[in-house]
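Before any comments, here is the structure.
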Protein chains: 2
Amino acid sequence: MTINKRFLLARRPNGAPVADDFTLVSEEVPALSDGQFLIRNRFASLDPAMRGWMDDAESYMPPIPLGAAVRASTVGEVVESKAEGFPVGQWVTGLNAIEEYSVGVAGGFSQPIDVSMVPSPTNFLSVLGAVGMTAYFGYLEVCKPEPGDVVLVTGAAGAVGSLVGQIAKIKGASKVIGIAGGPEKCARLIERYGFDVAIDYRGKSVDQLTAELAAAAPNGVNIIFENVGGDILDAGLNNLAMNARIGLCGLISEYNNAGAKTGARNVWQLIVKRASITGLLVADYVPRFMEGIVEMAGWMQSGKIVFDEHIDHGIDNALPAFLRLFSGTNDGKMVLAL
Amino acid sequence: MTINKRFLLARRPNGAPVADDFTLVSEEVPALSDGQFLIRNRFASLDPAMRGWMDDAESYMPPIPLGAAVRASTVGEVVESKAEGFPVGQWVTGLNAIEEYSVGVAGGFSQPIDVSMVPSPTNFLSVLGAVGMTAYFGYLEVCKPEPGDVVLVTGAAGAVGSLVGQIAKIKGASKVIGIAGGPEKCARLIERYGFDVAIDYRGKSVDQLTAELAAAAPNGVNIIFENVGGDILDAGLNNLAMNARIGLCGLISEYNNAGAKTGARNVWQLIVKRASITGLLVADYVPRFMEGIVEMAGWMQSGKIVFDEHIDHGIDNALPAFLRLFSGTNDGKMVLAL
């Protein structure tokens with residue numbers, strides 16, 4: 001009898017998730033039907049977006065049902081199979097859950113992957129996974145870069161942000177400015193990810209952030225890749241160049257905010273600068289993922305992009321590992337080894 | 001000696017403008033230099049955007065200097081001229097000020113107009129002026145309509161909004177919903193401007209407005225032409241169709257708000273629906289005005305669009321006439337006869 005440890009959503013969090021919002025259970029692995037296969041999940045991706053899936057609110061995906069395992073992208077190995085094309089030993093990635101075993105189905109969300117092409121299978125949760133594809137398609141398709149652009153990336157030391165900054169440079173940005181929390185992350189932006197300017201947002205008002213951005217980009221920014229929202233987005237809006245494009249990828253400053261949303265207070269600046277904010281979601285680009293994976297893998301192999309993964313271990317640590325995303329104590333793409 | 005009554009900005013309003021923010025002076029008309037001409041302004045356009053010009057804040061135009069006449073579009077006649085192409089008797093329109101006489105300069109903002117082609121010279125401040133061109137280019141170029149779109153217009157009974165609703169119908173919208181204040185305006189939307197649905201925002205919360213919009217547009221709105229902001233914009237954001245386009249024309253709910261700006265609280269919905277907000281300003285389309293004027297004049301002559309003008313009389317009434325824009329007591333494009 002194989003036991004499956006699973007991390008279930010027990011109730012909907014009010015603000016920041018707490019331990020009582022979840023239950024860790026041990027269940028027997030289910031029997032497979034024809035066309036199914038059993039995945040031993042080795043790694044789960046922890047992403048800010050998962051916080052939104054825990055709420056009972058209309059979004060781009062249905063909420064995680066109460067009593068269900070917490071939805072997450074995983075990478076794992078097929079250990080039992082009644083499905084053609086998914087033999088035992090095949091590595092797969094897909095949208096599963098934080099649980100040691102998931103049942104996959106041929107033609108479903110899980111895709112076979114060749115882990116021999118990358119240094120670590122976890123790379124399929126970071127640079128070659130949804131995170132990498134968010135950076136790649138979000139920046140290129142929504143922000144529509146032109147050579148010479150001045151680019152602002154918020155949440156710049158995060159998994160998506162650090163890649164966006166590097167892609168911006170590859171695509172001819174004249175200056176890439178990153179906003180991050182704390183001196184260590186800011187140093188990493190410059191030294192490791194090649195940003196030109198790093199601004200530490202901690203302890204600063206909108207006015208202070210506005211002034212620092214104005215000093216870094218005296219003619220305004222042509223592109224903002226926005227992951228944060230709140231004061232940071234407002235400071236960005238105060239520093240737009242004419243016809244600036246803002247790609248709205250996330251609003252991490254709001255996800256644990258149980259009260260009224262802040263949103264974007266300075267939208268008036270969109271009129272002043274004839275600028276736009278456009279929401280982006282990686283799911284729209286699934287049919288084009290191979291195009292992104294090939295180009296990102298090439299940049300990775302030639303050393304044009306670097307990235308970091310922060311791996312915490314054990315399903316018992318699912319909650320503290322997830323909360324790192326909001327406290328900012330992770331150093332790179334957050335992954336949970338199962 | 002000719003006396004010029006002028007309506008000057010004496011100090012910057014804090015919130016809603018009050019009488020002490022302005023001074024009415026009588027000055028001698030200045031002597032003309034070569035290349036200049038003297039305009040007897042017959043009508044001044046009163047527009048919500050003028051409130052922003054009174055603040056000392058970075059915008060798309062410099063603030064009105066303290067002690068200067070309040071900037072406004074006008075229509076008037078040349079009564080004295082030292083400029084070729086602007087003979088005495090020529091009607092002109094341009095960005096001048098609330099004053100009985102303005103000095104124009106050849107090659108400047110004032111353009112000759114043929115008032116014989118329209119029922120009233122004031123039409124060059126409404127349907128064929130900046131208001132009409134804002135509706136025309138803002139809707140067609142920024143909102144990018146497609147046949148069958150469900151369209152939401154806020155501030156729908158206003159000068160711009162009432163035209164946008166009619167242009168939307170001409171361009172194949174399947175349903176045009178207008179939000180306005182009070183039962184009379186809502187009746188006018190349906191009966192006079194041909195909107196399909198009118199929603200009265202007065203006394204309603206964001207949740208109530210969200211529900212009324214959802215009932216009117218069960219599959220969401222493809223386009224929002226936004227003039228208002230605040231709760232009304234938030235309710236619109238809650239009802240977007242996938243890939244919706246929001247043309248941001250104005251934020252009249254904020255212009256007299258001296259405190260923190262509300263902005264757009266529900267920008268998260270831009271991600272959910274991969275939608276965009278784009279700021280628009282009519283000034284960008286000045287080189288293409290003739291194209292818009294020709295098409296709008298054609299629609300006007302064939303009865304496809306109707307419009308209303310609300311004319312108050314006398315420079316002494318400049319402030320109460322201007323404040324109608326915010327109390328909503330005007331019935332159509334607000335014009336001051338000088």
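Order determines the names: the first chain of the structure tokens is A, the second B, and so forth; residues in each chain are numbered 1 upward, and ligands are numbered 1 upward as they are shown.
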
Mind fitting chain A to chain B by least squares on all Cα atoms in order and giving back the moved coordinates as a short mmCIF file (atom, residue, chain, number, x, y, z; two decimals) with C-alpha atoms, in the first residue's frame?
```
data_model
loop_
_atom_site.label_atom_id
_atom_site.label_comp_id
_atom_site.auth_asym_id
_atom_site.auth_seq_id
_atom_site.Cartn_x
_atom_site.Cartn_y
_atom_site.Cartn_z
CA MET A 1 -10.98 102.38 -26.10
CA THR A 2 -12.22 98.78 -26.13
CA ILE A 3 -12.61 97.04 -22.78
CA ASN A 4 -11.83 93.32 -22.46
CA LYS A 5 -13.57 91.50 -19.59
CA ARG A 6 -11.39 88.59 -18.54
CA PHE A 7 -11.91 85.70 -16.10
CA LEU A 8 -8.58 85.19 -14.30
CA LEU A 9 -7.28 82.38 -12.12
CA ALA A 10 -6.44 84.17 -8.86
CA ARG A 11 -5.38 81.14 -6.80
CA ARG A 12 -5.35 77.37 -7.22
CA PRO A 13 -8.62 75.71 -6.14
CA ASN A 14 -8.52 73.24 -3.28
CA GLY A 15 -11.14 70.70 -4.28
CA ALA A 16 -14.19 72.25 -5.93
CA PRO A 17 -13.47 75.75 -7.29
CA VAL A 18 -15.04 78.65 -5.38
CA ALA A 19 -15.59 82.31 -6.28
CA ASP A 20 -12.46 83.50 -4.47
CA ASP A 21 -10.32 81.37 -6.77
CA PHE A 22 -11.08 83.74 -9.65
CA THR A 23 -11.13 87.46 -10.44
CA LEU A 24 -13.11 89.18 -13.15
CA VAL A 25 -11.16 92.14 -14.52
CA SER A 26 -11.75 94.76 -17.19
CA GLU A 27 -8.64 95.66 -19.15
CA GLU A 28 -7.94 97.62 -22.26
CA VAL A 29 -7.57 95.51 -25.39
CA PRO A 30 -3.86 95.33 -26.30
CA ALA A 31 -2.41 96.83 -29.47
CA LEU A 32 -1.63 94.28 -32.19
CA SER A 33 1.82 93.50 -33.55
CA ASP A 34 2.41 92.40 -37.11
CA GLY A 35 1.12 88.86 -37.68
CA GLN A 36 -1.50 89.16 -34.92
CA PHE A 37 -5.25 89.52 -35.05
CA LEU A 38 -7.89 90.36 -32.45
CA ILE A 39 -10.65 87.82 -31.82
CA ARG A 40 -13.98 88.81 -30.30
CA ASN A 41 -14.72 85.53 -28.55
CA ARG A 42 -18.44 84.77 -28.90
CA PHE A 43 -18.49 81.42 -27.13
CA ALA A 44 -16.18 79.60 -24.72
CA SER A 45 -16.17 75.85 -24.23
CA LEU A 46 -16.40 74.68 -20.60
CA ASP A 47 -14.91 71.23 -20.13
CA PRO A 48 -14.05 69.03 -17.14
CA ALA A 49 -10.41 68.93 -18.23
CA MET A 50 -10.09 72.63 -17.41
CA ARG A 51 -10.27 71.74 -13.73
CA GLY A 52 -6.99 69.87 -14.05
CA TRP A 53 -5.30 72.82 -15.76
CA MET A 54 -6.03 74.91 -12.65
CA ASP A 55 -3.86 72.66 -10.48
CA ASP A 56 -0.12 73.06 -10.14
CA ALA A 57 0.54 69.49 -11.24
CA GLU A 58 2.42 67.89 -14.08
CA SER A 59 -0.04 67.03 -16.81
CA TYR A 60 -0.32 66.98 -20.58
CA MET A 61 -0.35 70.82 -20.60
CA PRO A 62 1.29 73.36 -18.32
CA PRO A 63 -0.90 74.64 -15.48
CA ILE A 64 -2.78 77.90 -16.10
CA PRO A 65 -0.47 80.53 -14.57
CA LEU A 66 -1.87 82.42 -11.60
CA GLY A 67 -3.15 85.79 -12.80
CA ALA A 68 -3.77 84.51 -16.34
CA ALA A 69 -7.20 84.16 -17.93
CA VAL A 70 -8.64 80.66 -17.61
CA ARG A 71 -7.64 78.64 -20.67
CA ALA A 72 -10.58 77.50 -22.83
CA SER A 73 -11.43 76.70 -26.42
CA THR A 74 -13.38 79.54 -27.99
CA VAL A 75 -15.21 80.44 -31.17
CA GLY A 76 -15.15 84.08 -32.26
CA GLU A 77 -14.83 86.62 -35.02
CA VAL A 78 -11.76 88.52 -36.12
CA VAL A 79 -12.47 92.21 -35.45
CA GLU A 80 -9.04 93.69 -36.20
CA SER A 81 -6.14 92.15 -38.08
CA LYS A 82 -2.49 92.54 -38.91
CA ALA A 83 -2.26 88.92 -40.11
CA GLU A 84 -2.65 87.52 -43.58
CA GLY A 85 -5.39 84.88 -43.88
CA PHE A 86 -7.33 86.25 -40.90
CA PRO A 87 -9.35 89.15 -42.31
CA VAL A 88 -11.86 91.07 -40.23
CA GLY A 89 -15.12 89.10 -40.17
CA GLN A 90 -13.41 85.70 -40.36
CA TRP A 91 -14.68 83.22 -37.77
CA VAL A 92 -11.99 81.25 -35.94
CA THR A 93 -11.76 78.57 -33.26
CA GLY A 94 -8.84 77.73 -31.04
CA LEU A 95 -7.46 77.30 -27.57
CA ASN A 96 -7.76 80.78 -26.04
CA ALA A 97 -9.28 81.76 -22.71
CA ILE A 98 -12.45 82.88 -20.97
CA GLU A 99 -12.20 86.51 -22.03
CA GLU A 100 -14.14 88.69 -24.43
CA TYR A 101 -11.13 89.35 -26.64
CA SER A 102 -8.09 87.19 -27.39
CA VAL A 103 -5.09 87.96 -29.51
CA GLY A 104 -4.46 85.35 -32.18
CA VAL A 105 -1.34 84.81 -34.24
CA ALA A 106 -1.04 83.41 -37.74
CA GLY A 107 0.34 79.89 -37.51
CA GLY A 108 -0.83 79.61 -33.91
CA PHE A 109 -3.68 77.66 -32.36
CA SER A 110 -6.58 79.54 -33.97
CA GLN A 111 -7.99 78.04 -37.15
CA PRO A 112 -10.41 79.68 -39.58
CA ILE A 113 -13.83 77.99 -39.69
CA ASP A 114 -16.79 78.18 -42.04
CA VAL A 115 -19.77 78.76 -39.77
CA SER A 116 -22.18 78.60 -42.72
CA MET A 117 -21.77 74.79 -42.81
CA VAL A 118 -23.36 74.27 -39.38
CA PRO A 119 -26.57 75.38 -37.66
CA SER A 120 -24.62 77.28 -34.99
CA PRO A 121 -21.01 78.44 -34.56
CA THR A 122 -21.10 76.69 -31.17
CA ASN A 123 -21.07 73.36 -33.06
CA PHE A 124 -17.35 73.96 -33.49
CA LEU A 125 -17.04 73.65 -29.71
CA SER A 126 -19.18 70.50 -29.57
CA VAL A 127 -19.76 67.93 -32.29
CA LEU A 128 -17.10 69.33 -34.66
CA GLY A 129 -14.73 70.52 -31.93
CA ALA A 130 -12.50 68.86 -29.37
CA VAL A 131 -15.49 67.10 -27.81
CA GLY A 132 -16.59 65.50 -31.06
CA MET A 133 -13.03 64.62 -32.03
CA THR A 134 -12.43 63.08 -28.59
CA ALA A 135 -15.44 60.83 -29.10
CA TYR A 136 -14.53 60.00 -32.69
CA PHE A 137 -10.81 59.27 -32.40
CA GLY A 138 -10.95 58.05 -28.83
CA TYR A 139 -13.54 55.44 -29.67
CA LEU A 140 -12.24 54.38 -33.07
CA GLU A 141 -8.49 54.54 -32.47
CA VAL A 142 -8.17 53.55 -28.82
CA CYS A 143 -11.17 51.29 -28.20
CA LYS A 144 -10.76 49.56 -31.59
CA PRO A 145 -14.42 48.52 -32.02
CA GLU A 146 -15.47 45.36 -33.80
CA PRO A 147 -18.98 44.61 -35.03
CA GLY A 148 -21.04 42.93 -32.34
CA ASP A 149 -19.20 44.49 -29.41
CA VAL A 150 -21.06 45.20 -26.18
CA VAL A 151 -20.07 48.74 -25.25
CA LEU A 152 -20.25 50.59 -21.95
CA VAL A 153 -20.05 54.39 -21.88
CA THR A 154 -19.73 56.18 -18.56
CA GLY A 155 -20.63 59.84 -18.18
CA ALA A 156 -22.90 58.78 -21.03
CA ALA A 157 -25.17 61.84 -21.02
CA GLY A 158 -22.19 64.17 -21.19
CA ALA A 159 -20.95 65.88 -24.31
CA VAL A 160 -18.39 63.22 -25.21
CA GLY A 161 -20.34 60.23 -23.86
CA SER A 162 -23.53 60.92 -25.79
CA LEU A 163 -21.55 61.04 -29.04
CA VAL A 164 -19.55 57.90 -28.24
CA GLY A 165 -22.76 55.91 -27.73
CA GLN A 166 -24.03 56.96 -31.12
CA ILE A 167 -20.73 56.31 -32.90
CA ALA A 168 -20.66 52.86 -31.28
CA LYS A 169 -24.05 52.07 -32.81
CA ILE A 170 -22.95 53.35 -36.23
CA LYS A 171 -19.88 51.13 -35.99
CA GLY A 172 -21.87 47.98 -35.31
CA ALA A 173 -22.05 47.57 -31.54
CA SER A 174 -24.61 44.92 -30.62
CA LYS A 175 -25.51 46.69 -27.38
CA VAL A 176 -24.63 50.09 -25.96
CA ILE A 177 -25.01 50.63 -22.23
CA GLY A 178 -24.76 54.08 -20.69
CA ILE A 179 -24.25 55.09 -17.07
CA ALA A 180 -25.53 58.53 -16.08
CA GLY A 181 -26.83 60.40 -13.04
CA GLY A 182 -30.57 60.65 -12.50
CA PRO A 183 -33.73 59.44 -14.27
CA GLU A 184 -33.94 62.36 -16.70
CA LYS A 185 -30.49 61.78 -18.11
CA CYS A 186 -31.12 58.05 -18.28
CA ALA A 187 -34.32 58.65 -20.22
CA ARG A 188 -32.42 60.92 -22.58
CA LEU A 189 -29.82 58.20 -23.23
CA ILE A 190 -32.51 55.84 -24.48
CA GLU A 191 -34.92 58.23 -26.16
CA ARG A 192 -32.61 60.76 -27.72
CA TYR A 193 -29.20 59.10 -28.09
CA GLY A 194 -30.33 55.56 -28.90
CA PHE A 195 -28.55 53.70 -26.08
CA ASP A 196 -29.96 50.22 -25.44
CA VAL A 197 -29.64 50.30 -21.65
CA ALA A 198 -29.30 53.20 -19.21
CA ILE A 199 -28.08 52.71 -15.63
CA ASP A 200 -28.54 55.47 -13.05
CA TYR A 201 -25.49 55.46 -10.78
CA ARG A 202 -26.91 57.74 -8.10
CA GLY A 203 -27.00 56.31 -4.60
CA LYS A 204 -25.57 52.97 -5.68
CA SER A 205 -22.58 51.06 -4.34
CA VAL A 206 -19.94 49.37 -6.47
CA ASP A 207 -21.67 46.05 -5.75
CA GLN A 208 -25.04 47.33 -6.90
CA LEU A 209 -23.59 48.88 -10.04
CA THR A 210 -21.67 45.65 -10.70
CA ALA A 211 -24.90 43.65 -10.46
CA GLU A 212 -26.86 46.00 -12.72
CA LEU A 213 -24.12 45.91 -15.32
CA ALA A 214 -23.95 42.12 -15.12
CA ALA A 215 -27.69 41.96 -15.78
CA ALA A 216 -27.32 44.25 -18.80
CA ALA A 217 -24.22 42.50 -20.16
CA PRO A 218 -24.29 38.86 -19.01
CA ASN A 219 -21.24 38.03 -21.14
CA GLY A 220 -19.35 41.15 -20.12
CA VAL A 221 -18.50 44.31 -22.02
CA ASN A 222 -15.95 44.35 -24.84
CA ILE A 223 -15.35 48.09 -24.64
CA ILE A 224 -15.57 50.71 -21.91
CA PHE A 225 -15.30 54.36 -22.83
CA GLU A 226 -14.46 55.76 -19.40
CA ASN A 227 -15.12 59.36 -18.43
CA VAL A 228 -15.75 59.03 -14.70
CA GLY A 229 -13.49 56.71 -12.69
CA GLY A 230 -14.04 55.74 -9.05
CA ASP A 231 -16.90 53.38 -8.21
CA ILE A 232 -18.19 53.48 -11.76
CA LEU A 233 -14.90 52.35 -13.26
CA ASP A 234 -14.59 49.66 -10.59
CA ALA A 235 -18.03 48.30 -11.49
CA GLY A 236 -17.01 48.28 -15.16
CA LEU A 237 -13.81 46.40 -14.35
CA ASN A 238 -15.96 43.77 -12.62
CA ASN A 239 -17.83 43.17 -15.89
CA LEU A 240 -15.17 42.83 -18.55
CA ALA A 241 -15.36 40.36 -21.39
CA MET A 242 -12.14 38.60 -22.37
CA ASN A 243 -9.66 40.97 -24.07
CA ALA A 244 -11.80 44.01 -23.30
CA ARG A 245 -10.45 47.45 -24.22
CA ILE A 246 -10.96 50.39 -21.87
CA GLY A 247 -10.37 53.81 -23.38
CA LEU A 248 -9.62 56.16 -20.49
CA CYS A 249 -10.83 59.59 -21.51
CA GLY A 250 -11.43 61.24 -18.16
CA LEU A 251 -11.86 60.79 -14.42
CA ILE A 252 -14.40 63.47 -13.58
CA SER A 253 -15.13 61.85 -10.21
CA GLU A 254 -11.59 62.78 -9.11
CA TYR A 255 -11.03 66.26 -10.48
CA ASN A 256 -12.40 68.09 -7.44
CA ASN A 257 -11.02 65.56 -4.98
CA ALA A 258 -8.25 67.34 -3.08
CA GLY A 259 -7.19 64.21 -1.16
CA ALA A 260 -5.78 60.88 -2.29
CA LYS A 261 -6.88 59.63 -5.69
CA THR A 262 -9.10 56.58 -5.95
CA GLY A 263 -7.86 55.45 -9.34
CA ALA A 264 -8.88 51.98 -10.45
CA ARG A 265 -9.13 49.59 -7.51
CA ASN A 266 -10.10 46.51 -9.51
CA VAL A 267 -7.14 46.40 -11.89
CA TRP A 268 -6.74 42.73 -10.96
CA GLN A 269 -9.60 42.13 -13.39
CA LEU A 270 -7.29 43.25 -16.20
CA ILE A 271 -5.31 40.08 -15.56
CA VAL A 272 -8.39 37.90 -15.20
CA LYS A 273 -9.71 39.11 -18.57
CA ARG A 274 -6.41 40.00 -20.30
CA ALA A 275 -7.89 43.45 -20.77
CA SER A 276 -6.28 46.86 -21.16
CA ILE A 277 -6.76 50.44 -20.03
CA THR A 278 -5.33 53.02 -22.41
CA GLY A 279 -5.26 56.75 -21.79
CA LEU A 280 -6.40 58.96 -24.64
CA LEU A 281 -6.05 62.63 -25.42
CA VAL A 282 -7.62 64.41 -28.36
CA ALA A 283 -4.52 66.54 -28.91
CA ASP A 284 -2.79 63.51 -30.45
CA TYR A 285 -5.26 63.54 -33.34
CA VAL A 286 -5.08 67.22 -34.35
CA PRO A 287 -3.36 66.34 -37.65
CA ARG A 288 -6.33 64.09 -38.48
CA PHE A 289 -9.13 66.40 -37.32
CA MET A 290 -10.36 67.12 -40.85
CA GLU A 291 -10.99 63.39 -41.36
CA GLY A 292 -13.10 63.33 -38.17
CA ILE A 293 -14.90 66.58 -38.91
CA VAL A 294 -15.93 65.39 -42.37
CA GLU A 295 -17.30 62.09 -41.11
CA MET A 296 -19.04 63.60 -38.07
CA ALA A 297 -20.57 66.38 -40.20
CA GLY A 298 -21.91 63.75 -42.58
CA TRP A 299 -23.49 61.76 -39.75
CA MET A 300 -24.92 64.99 -38.35
CA GLN A 301 -26.45 66.02 -41.68
CA SER A 302 -27.94 62.56 -42.26
CA GLY A 303 -29.43 62.55 -38.77
CA LYS A 304 -27.33 59.59 -37.60
CA ILE A 305 -26.03 61.55 -34.65
CA VAL A 306 -27.76 64.15 -32.54
CA PHE A 307 -26.22 66.25 -29.80
CA ASP A 308 -27.14 68.92 -27.30
CA GLU A 309 -25.55 72.13 -26.18
CA HIS A 310 -26.25 73.88 -22.92
CA ILE A 311 -25.53 77.59 -23.33
CA ASP A 312 -25.21 79.87 -20.32
CA HIS A 313 -24.78 83.57 -20.93
CA GLY A 314 -22.27 86.15 -19.77
CA ILE A 315 -18.73 86.04 -18.45
CA ASP A 316 -20.15 86.89 -15.00
CA ASN A 317 -21.61 83.38 -15.01
CA ALA A 318 -18.36 81.60 -15.88
CA LEU A 319 -17.97 79.89 -12.50
CA PRO A 320 -21.55 78.64 -11.96
CA ALA A 321 -21.64 77.50 -15.59
CA PHE A 322 -18.36 75.60 -15.15
CA LEU A 323 -19.58 73.99 -11.92
CA ARG A 324 -22.57 72.51 -13.75
CA LEU A 325 -20.14 69.98 -15.22
CA PHE A 326 -19.57 68.52 -11.76
CA SER A 327 -23.10 68.79 -10.37
CA GLY A 328 -24.47 67.40 -13.63
CA THR A 329 -27.06 70.18 -14.07
CA ASN A 330 -26.09 70.81 -17.69
CA ASP A 331 -28.08 69.26 -20.52
CA GLY A 332 -25.46 68.81 -23.21
CA LYS A 333 -22.13 70.30 -24.10
CA MET A 334 -21.50 73.23 -21.75
CA VAL A 335 -20.89 76.51 -23.57
CA LEU A 336 -20.59 80.04 -22.23
CA ALA A 337 -21.81 82.82 -24.52
CA LEU A 338 -19.56 85.85 -24.11
#
```

Original post:
Just asking: which residues within segment 73-320 of chain A are helix (DSSP H, G or I) according to DSSP, as a PyMOL selection string?
Top reply: chain A and resi 115-117+121-124+130-142+159-170+183-191+206-216+230-237+268-272+282-301+315-320

Selection file, C-alpha atoms, as a CSV table (one decimal), in the first residue's frame:
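So selection08.csv came out as:
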```
chain,number,residue,atom,x,y,z
A,115,VAL,CA,15.2,16.3,-18.1
A,116,SER,CA,18.5,15.4,-19.7
A,117,MET,CA,18.5,18.8,-21.5
A,121,PRO,CA,14.4,18.9,-13.4
A,122,THR,CA,13.4,21.9,-11.4
A,123,ASN,CA,14.3,24.1,-14.4
A,124,PHE,CA,11.0,23.1,-15.8
A,130,ALA,CA,5.4,29.0,-16.4
A,131,VAL,CA,7.7,31.5,-14.8
A,132,GLY,CA,10.1,31.6,-17.7
A,133,MET,CA,7.2,31.7,-20.2
A,134,THR,CA,5.5,34.5,-18.3
A,135,ALA,CA,8.7,36.6,-18.5
A,136,TYR,CA,9.2,35.7,-22.2
A,137,PHE,CA,5.7,36.1,-23.6
A,138,GLY,CA,4.6,38.8,-21.2
A,139,TYR,CA,7.6,41.0,-22.0
A,140,LEU,CA,7.7,40.4,-25.8
A,141,GLU,CA,4.0,40.2,-26.6
A,142,VAL,CA,2.4,42.6,-24.1
A,159,ALA,CA,11.5,34.6,-10.4
A,160,VAL,CA,9.7,36.3,-13.2
A,161,GLY,CA,11.3,39.8,-12.6
A,162,SER,CA,14.9,38.6,-12.8
A,163,LEU,CA,14.3,37.0,-16.1
A,164,VAL,CA,12.4,40.0,-17.5
A,165,GLY,CA,15.3,42.3,-16.8
A,166,GLN,CA,17.7,40.0,-18.6
A,167,ILE,CA,15.3,39.5,-21.6
A,168,ALA,CA,15.0,43.3,-21.8
A,169,LYS,CA,18.7,43.7,-22.1
A,170,ILE,CA,18.9,41.0,-24.8
A,183,PRO,CA,20.1,45.8,-0.1
A,184,GLU,CA,21.0,42.2,-0.8
A,185,LYS,CA,18.4,41.8,-3.5
A,186,CYS,CA,19.3,45.1,-5.0
A,187,ALA,CA,23.0,44.0,-5.1
A,188,ARG,CA,21.9,40.8,-6.8
A,189,LEU,CA,20.0,42.8,-9.5
A,190,ILE,CA,23.1,44.6,-10.5
A,191,GLU,CA,25.8,42.0,-10.0
A,206,VAL,CA,5.3,56.9,-3.1
A,207,ASP,CA,6.9,60.4,-3.3
A,208,GLN,CA,10.3,59.0,-2.4
A,209,LEU,CA,10.0,56.2,-4.9
A,210,THR,CA,8.8,58.6,-7.5
A,211,ALA,CA,11.8,60.8,-7.0
A,212,GLU,CA,14.3,57.9,-7.1
A,213,LEU,CA,12.7,56.7,-10.3
A,214,ALA,CA,12.8,60.1,-11.8
A,215,ALA,CA,16.5,60.3,-11.0
A,216,ALA,CA,17.1,57.0,-12.7
A,230,GLY,CA,0.3,49.5,-4.7
A,231,ASP,CA,2.8,52.3,-3.9
A,232,ILE,CA,5.3,50.8,-6.4
A,233,LEU,CA,2.9,50.9,-9.3
A,234,ASP,CA,1.9,54.4,-8.4
A,235,ALA,CA,5.5,55.6,-8.4
A,236,GLY,CA,5.9,53.9,-11.8
A,237,LEU,CA,2.8,55.7,-13.1
A,268,TRP,CA,-4.7,59.8,-14.5
A,269,GLN,CA,-1.1,59.5,-15.7
A,270,LEU,CA,-2.3,57.1,-18.4
A,271,ILE,CA,-4.1,60.1,-20.0
A,272,VAL,CA,-1.2,62.5,-19.5
A,282,VAL,CA,0.9,32.9,-19.3
A,283,ALA,CA,-2.0,30.5,-20.0
A,284,ASP,CA,-2.7,32.4,-23.2
A,285,TYR,CA,0.6,31.4,-24.7
A,286,VAL,CA,0.5,27.6,-24.0
A,287,PRO,CA,0.3,26.9,-27.7
A,288,ARG,CA,3.5,28.8,-28.3
A,289,PHE,CA,5.5,27.5,-25.3
A,290,MET,CA,7.9,25.4,-27.4
A,291,GLU,CA,8.9,28.6,-29.2
A,292,GLY,CA,9.7,30.3,-25.8
A,293,ILE,CA,11.4,27.2,-24.4
A,294,VAL,CA,13.7,26.9,-27.3
A,295,GLU,CA,14.8,30.5,-27.2
A,296,MET,CA,15.1,30.6,-23.4
A,297,ALA,CA,17.1,27.3,-23.4
A,298,GLY,CA,19.4,28.8,-26.0
A,299,TRP,CA,20.0,31.9,-23.9
A,300,MET,CA,20.5,29.8,-20.9
A,301,GLN,CA,23.1,27.6,-22.6
A,315,ILE,CA,5.6,18.7,2.2
A,316,ASP,CA,5.6,19.5,6.0
A,317,ASN,CA,7.2,22.8,5.0
A,318,ALA,CA,4.7,23.7,2.3
A,319,LEU,CA,3.2,26.7,4.2
A,320,PRO,CA,6.4,28.4,5.5
```

**OP:** Please return as a VMD selection string: the residues of segment 79-120 of chain B that backbone DSSP assigns to strand (DSSP E).
**Re:** chain B and resid 79 to 81 91 to 97 101 to 105 111 to 113

With C-alpha atoms kept, could you save the residues just selected as a compact mmCIF listing (two decimals), in the first residue's frame?
```txt
# COMPACT_ATOMS: atom_id res chain seq x y z
CA VAL B 79 -12.38 92.12 -35.44
CA GLU B 80 -8.95 93.58 -36.18
CA SER B 81 -6.05 92.02 -38.06
CA TRP B 91 -14.65 83.17 -37.77
CA VAL B 92 -11.97 81.20 -35.92
CA THR B 93 -11.77 78.53 -33.24
CA GLY B 94 -8.86 77.67 -31.01
CA LEU B 95 -7.48 77.26 -27.53
CA ASN B 96 -7.78 80.72 -26.04
CA ALA B 97 -9.31 81.73 -22.70
CA TYR B 101 -11.11 89.30 -26.64
CA SER B 102 -8.09 87.11 -27.37
CA VAL B 103 -5.06 87.86 -29.49
CA GLY B 104 -4.42 85.24 -32.13
CA VAL B 105 -1.31 84.68 -34.18
CA GLN B 111 -8.00 77.97 -37.10
CA PRO B 112 -10.40 79.62 -39.56
CA ILE B 113 -13.81 77.95 -39.67
```
